[in-house]
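Below is one structure, written out as structure tokens; comments come after it.
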Amino acid sequence: ATYIALCGGVGGSKLAAGLQALLGRRLTVVVNVGDDFDHLGLRICPDIDTVLYRLSGLNDEQRGWGRADESWQFMRALGQFSEETWFQLGDLDVALHVVRTHRQAAGYALAEITMDMADRLGIDARVVPATDDAVRTKVVCQEGVLDFQRYFVERRCEPPIERLVFEGAADARPTPAAEAAFAADSLAGIVICPSNPYLSIDPILAIPRLRALLAERRVPAVAVSPIIDGKAVKGPTAKIMRELNVASTPHSIALHYEGLIDGLMIDTMDASRQAEDCGVPVCSAATLMTSAEDQVALAGAAIDFMRRIA
Ligand code: GDP
Ligand code: FO1
Ligand code: CA
């Protein structure tokens, strides 16, 4: 049996790591590219980077993004020549961006480059970008339209969001590897990781063919709530839900994915309070992942849940 995980960065990649531990090559991780941008001539793909580093064990646990044992000499030198220092590129991290940019300039597709990097890092799972085409998340707020990294990193998610635009998504095609993962006879289930639904999963689902593949699934799909006890574990998910006038509850997550999921996993903390009907079966589990053991345990619970509702 093979499985697909839809994934953003920091939160999603934790569950992807747990799934990889159990499934190895039988896991395809379809990763958001809406965060991608060009910076100082380099193509940066933050969610892909985060997934590659996490699944290879090179990730920095504290920061959530980038590599462990990082140093910042490049940034210090950069500051001597440029004011563009709002986005941190670590000395180790910069190699990945240079190679990706070089290969893209040579004509390789993002999926080919990413799969080669995953191989070289000894990653078992198949890590595939949602699309090879350019999808760029734009944040519409009162002051105008912000590029995603300007909003997220430079402005620290402070401007209230009015709405999000996924530029290029309507014309984007899934990568061949993503398409193949959905078409596989062996496909047994699809997991929407506990990523930010608005910033990390929606840009994947904004690609019409990917949304259709999920909507027309013949295997169970389950989402894991990124909201625990009304709060996000990390990042702006709950803040954005407030700004969009959505209650920050697992119930809202179920509604958000209506028609695209057959089950929702919520935290045991929310199990007693989850009074509203989510419209799909709900499974409660320990969804806070603070260790590799937690990641594997939650991954196992997700796979069990999919088997139960199949
Ligand atoms: P980003 O792309 O780096 O912003 O990360 P994601 O979109 O993949 O994940 C962000 C979301 O992950 C936030 O909404 C967090 O609440 C959620 N998250 C982070 N860690 C955990 C965890 O251990 N358990 C659960 N259930 N959610 C988590
Ligand atoms: N996030 C930050 O908050 N500050 C940074 O300087 C930063 C640099 C960075 C470099 C490479 C990379 O792959 C990711 C990086 N991130 C940084 C994380 C990232 O851009 C955001 O967390 C996401 O796009 C939201 O998922
Ligand atoms: Ca992201």
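Chain lettering (A, B, ...) mirrors the order of the structure tokens, residue numbering begins at 1 for each chain separately, and ligand numbering begins at 1 in order of display.
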
Per residue of chain A within 7 Å of ligand 1, which atom pair is closest and at what distance in Å (one decimal), using only C-alpha atoms and all ligand atoms, listed by chain and increasing number, as a Markdown table?
```
| residue | atom | partner | partner_atom_place_in_ligand_line | distance |
| --- | --- | --- | --- | --- |
| A:Cys7 | CA | ligand 1 | 8 (O) | 5.9 |
| A:Gly8 | CA | ligand 1 | 8 (O) | 3.6 |
| A:Gly9 | CA | ligand 1 | 2 (O) | 3.4 |
| A:Val10 | CA | ligand 1 | 3 (O) | 3.7 |
| A:Gly11 | CA | ligand 1 | 12 (O) | 3.3 |
| A:Gly12 | CA | ligand 1 | 8 (O) | 3.7 |
| A:Ser13 | CA | ligand 1 | 8 (O) | 6.1 |
| A:Lys14 | CA | ligand 1 | 23 (O) | 6.9 |
| A:Asp47 | CA | ligand 1 | 2 (O) | 5.6 |
| A:Trp65 | CA | ligand 1 | 3 (O) | 7.0 |
| A:Pro194 | CA | ligand 1 | 27 (N) | 4.8 |
| A:Ser195 | CA | ligand 1 | 7 (O) | 3.5 |
| A:Asn196 | CA | ligand 1 | 7 (O) | 3.7 |
| A:Pro197 | CA | ligand 1 | 7 (O) | 7.0 |
| A:Leu199 | CA | ligand 1 | 7 (O) | 6.4 |
| A:Ser200 | CA | ligand 1 | 7 (O) | 4.7 |
| A:Val224 | CA | ligand 1 | 26 (N) | 6.3 |
| A:Ser225 | CA | ligand 1 | 26 (N) | 5.3 |
| A:Pro226 | CA | ligand 1 | 27 (N) | 3.7 |
| A:Ile227 | CA | ligand 1 | 16 (O) | 5.3 |
| A:Ile228 | CA | ligand 1 | 26 (N) | 6.4 |
| A:Lys231 | CA | ligand 1 | 16 (O) | 6.9 |
| A:Ala232 | CA | ligand 1 | 16 (O) | 3.4 |
| A:Val233 | CA | ligand 1 | 16 (O) | 3.7 |
| A:Lys234 | CA | ligand 1 | 15 (C) | 4.5 |
| A:Gly235 | CA | ligand 1 | 13 (C) | 5.4 |
| A:Pro236 | CA | ligand 1 | 14 (O) | 6.8 |
| A:Thr237 | CA | ligand 1 | 14 (O) | 4.6 |
| A:Thr287 | CA | ligand 1 | 26 (N) | 4.6 |
| A:Leu288 | CA | ligand 1 | 23 (O) | 3.8 |
| A:Met289 | CA | ligand 1 | 23 (O) | 3.6 |
| A:Thr290 | CA | ligand 1 | 23 (O) | 6.0 |
```

Which of range 38-268 of chain A fall in strand (DSSP E or B), as a PyMOL selection string
chain A and resi 38-39+42-44+59+67+126-129+131+136-141+144-147+161-167+174+187-192+221-224+227-228+231-232+263-267

Mind writing the picked residues with N, CA and C atoms as a short mmCIF file (atom, residue, chain, number, x, y, z; two decimals), in the first residue's frame?
```cif
data_model
loop_
_atom_site.label_atom_id
_atom_site.label_comp_id
_atom_site.auth_asym_id
_atom_site.auth_seq_id
_atom_site.Cartn_x
_atom_site.Cartn_y
_atom_site.Cartn_z
N ASP A 38 12.20 34.37 -5.55
CA ASP A 38 13.58 34.61 -5.97
C ASP A 38 14.17 35.69 -5.08
N HIS A 39 15.35 35.40 -4.55
CA HIS A 39 15.96 36.32 -3.59
C HIS A 39 17.45 36.36 -3.87
N LEU A 42 18.67 33.89 -6.20
CA LEU A 42 18.53 32.48 -5.85
C LEU A 42 17.05 32.10 -5.79
N ARG A 43 16.74 30.89 -6.26
CA ARG A 43 15.38 30.37 -6.11
C ARG A 43 15.28 29.69 -4.75
N ILE A 44 14.42 30.23 -3.91
CA ILE A 44 14.22 29.67 -2.56
C ILE A 44 12.84 29.00 -2.51
N ASN A 59 17.49 18.97 9.82
CA ASN A 59 16.74 20.17 10.20
C ASN A 59 17.14 20.72 11.57
N ARG A 67 18.93 24.44 8.57
CA ARG A 67 19.71 23.29 9.02
C ARG A 67 20.24 23.44 10.43
N ARG A 126 9.29 9.79 -1.37
CA ARG A 126 9.34 10.59 -2.59
C ARG A 126 8.87 12.00 -2.22
N VAL A 127 9.76 12.98 -2.41
CA VAL A 127 9.41 14.37 -2.11
C VAL A 127 9.14 15.07 -3.44
N VAL A 128 7.89 15.44 -3.69
CA VAL A 128 7.55 16.04 -4.96
C VAL A 128 6.82 17.36 -4.79
N PRO A 129 7.30 18.38 -5.48
CA PRO A 129 6.58 19.65 -5.46
C PRO A 129 5.19 19.45 -6.05
N THR A 131 3.70 21.32 -8.05
CA THR A 131 3.75 21.66 -9.48
C THR A 131 5.16 22.15 -9.84
N ARG A 136 2.51 31.50 -6.85
CA ARG A 136 3.06 32.45 -5.89
C ARG A 136 1.95 33.02 -5.00
N THR A 137 2.05 32.74 -3.72
CA THR A 137 1.06 33.24 -2.77
C THR A 137 1.24 34.74 -2.56
N LYS A 138 0.13 35.46 -2.67
CA LYS A 138 0.13 36.91 -2.42
C LYS A 138 -0.87 37.20 -1.31
N VAL A 139 -0.47 38.07 -0.41
CA VAL A 139 -1.31 38.39 0.74
C VAL A 139 -1.97 39.74 0.49
N VAL A 140 -3.29 39.73 0.40
CA VAL A 140 -4.03 40.98 0.23
C VAL A 140 -4.39 41.50 1.61
N CYS A 141 -3.87 42.68 1.92
CA CYS A 141 -4.20 43.31 3.21
C CYS A 141 -4.51 44.78 2.94
N GLY A 144 -2.32 46.91 0.80
CA GLY A 144 -2.08 46.48 -0.58
C GLY A 144 -1.78 45.00 -0.65
N VAL A 145 -1.03 44.62 -1.69
CA VAL A 145 -0.72 43.21 -1.92
C VAL A 145 0.74 42.96 -1.58
N LEU A 146 0.96 42.04 -0.66
CA LEU A 146 2.33 41.72 -0.25
C LEU A 146 2.76 40.38 -0.84
N ASP A 147 4.02 40.32 -1.32
CA ASP A 147 4.60 39.03 -1.66
C ASP A 147 4.68 38.21 -0.38
N ILE A 161 -4.83 39.82 7.31
CA ILE A 161 -5.10 39.32 5.96
C ILE A 161 -6.56 39.55 5.59
N GLU A 162 -6.77 40.12 4.41
CA GLU A 162 -8.13 40.22 3.88
C GLU A 162 -8.44 38.99 3.05
N ARG A 163 -7.51 38.64 2.18
CA ARG A 163 -7.64 37.39 1.44
C ARG A 163 -6.31 37.00 0.84
N LEU A 164 -6.27 35.79 0.33
CA LEU A 164 -5.03 35.26 -0.25
C LEU A 164 -5.26 34.98 -1.72
N VAL A 165 -4.22 35.23 -2.50
CA VAL A 165 -4.28 34.96 -3.94
C VAL A 165 -3.14 34.01 -4.28
N PHE A 166 -3.43 32.98 -5.02
CA PHE A 166 -2.39 32.02 -5.42
C PHE A 166 -2.13 32.22 -6.91
N GLU A 167 -1.29 33.20 -7.17
CA GLU A 167 -1.00 33.59 -8.54
C GLU A 167 -0.45 32.42 -9.33
N PRO A 174 -0.14 19.61 -12.06
CA PRO A 174 0.61 18.84 -11.06
C PRO A 174 1.89 18.30 -11.66
N LEU A 187 -2.39 2.89 -4.22
CA LEU A 187 -2.73 3.99 -3.32
C LEU A 187 -3.79 3.57 -2.30
N ALA A 188 -3.49 3.76 -1.02
CA ALA A 188 -4.40 3.31 0.04
C ALA A 188 -4.94 4.46 0.88
N GLY A 189 -4.36 5.63 0.76
CA GLY A 189 -4.87 6.74 1.56
C GLY A 189 -4.09 8.02 1.34
N ILE A 190 -4.74 9.11 1.73
CA ILE A 190 -4.17 10.45 1.56
C ILE A 190 -4.29 11.18 2.90
N VAL A 191 -3.19 11.78 3.31
CA VAL A 191 -3.18 12.53 4.58
C VAL A 191 -2.93 14.00 4.28
N ILE A 192 -3.80 14.87 4.79
CA ILE A 192 -3.49 16.30 4.78
C ILE A 192 -2.81 16.59 6.11
N ALA A 221 -9.26 9.89 2.64
CA ALA A 221 -8.37 11.03 2.91
C ALA A 221 -8.70 11.55 4.29
N VAL A 222 -7.67 11.78 5.09
CA VAL A 222 -7.88 12.35 6.42
C VAL A 222 -6.99 13.57 6.60
N ALA A 223 -7.51 14.53 7.36
CA ALA A 223 -6.70 15.70 7.72
C ALA A 223 -6.38 15.63 9.21
N VAL A 224 -5.21 16.10 9.56
CA VAL A 224 -4.84 16.23 10.97
C VAL A 224 -4.92 17.72 11.32
N ILE A 227 -4.77 22.88 14.65
CA ILE A 227 -5.27 23.68 15.78
C ILE A 227 -5.49 22.75 16.97
N ILE A 228 -4.85 23.09 18.08
CA ILE A 228 -5.01 22.34 19.33
C ILE A 228 -5.43 23.33 20.40
N LYS A 231 -5.60 27.01 19.60
CA LYS A 231 -4.36 27.72 19.25
C LYS A 231 -3.57 26.93 18.20
N ALA A 232 -2.74 27.67 17.46
CA ALA A 232 -1.78 27.01 16.60
C ALA A 232 -0.59 26.60 17.46
N GLY A 263 -12.24 12.03 7.02
CA GLY A 263 -12.03 11.93 8.47
C GLY A 263 -11.13 13.05 8.94
N LEU A 264 -11.31 13.43 10.21
CA LEU A 264 -10.48 14.48 10.80
C LEU A 264 -9.86 13.95 12.08
N MET A 265 -8.55 14.15 12.22
CA MET A 265 -7.88 13.79 13.47
C MET A 265 -7.71 15.04 14.31
N ILE A 266 -8.22 14.97 15.53
CA ILE A 266 -8.10 16.12 16.45
C ILE A 266 -7.34 15.67 17.68
N ASP A 267 -6.90 16.65 18.44
CA ASP A 267 -6.15 16.32 19.64
C ASP A 267 -7.10 15.83 20.74
#
```

Leu213 in chain A surroundings by only C-alpha atoms, 7 Å radius, close-in-sequence under 4 positions cut, as a list of chain:residue names
A:Phe182, A:Arg209, A:Arg217

Residues near Val153 in chain A, anyone? I mean within 10 Å using only C-alpha atoms, not counting same-chain ones fewer than 4 positions away, as an MDAnalysis selection string.
chainID A and resid 86:88 148:149 157:158

Can you spit out the residues from that selection as a PDB file, in the first residue's frame, using C-alpha atoms?
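Listed below is the output, part38.pdb:
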```
ATOM      1  CA  TRP A  86      15.828  40.560   6.084  1.00  0.00           C
ATOM      2  CA  PHE A  87      15.854  36.960   4.861  1.00  0.00           C
ATOM      3  CA  GLN A  88      18.462  34.765   6.537  1.00  0.00           C
ATOM      4  CA  PHE A 148       4.415  36.040   0.658  1.00  0.00           C
ATOM      5  CA  GLN A 149       7.909  36.130   2.193  1.00  0.00           C
ATOM      6  CA  CYS A 157       2.654  38.074   9.698  1.00  0.00           C
ATOM      7  CA  GLU A 158       1.532  41.321  11.359  1.00  0.00           C
TER       8      GLU A 158
END
```

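Residue nearest ligand 2, chosen from A:Ala184, A:Ala109, A:Val51, A:Ile4 and counting only C-alpha atoms and all ligand atoms: A:Val51.
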
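Distances from A:Ala172, A:Leu210, A:Leu40, A:Ala106 to Glu83 in chain A were compared using only C-alpha atoms, and the smallest one belongs to A:Leu40.
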
Secondary structure check, helix (DSSP H, G or I) residues of range 74-306 of chain A, as a ChimeraX atom specification:
/A:74-81,94-105,110-120,148-154,169-171,176-183,197-205,208-215,237-243,250-256,268-271,292-306

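What separates CA of Gly90 in chain A from CA of Glu70 in chain A is a distance of 6.0 Å.
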
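Restricting the calculation to only C-alpha atoms and all ligand atoms, the smallest distance between ligand 3 and any of A:Asp133, A:Asp185, A:Asp202, A:Glu84 is found for A:Asp202.
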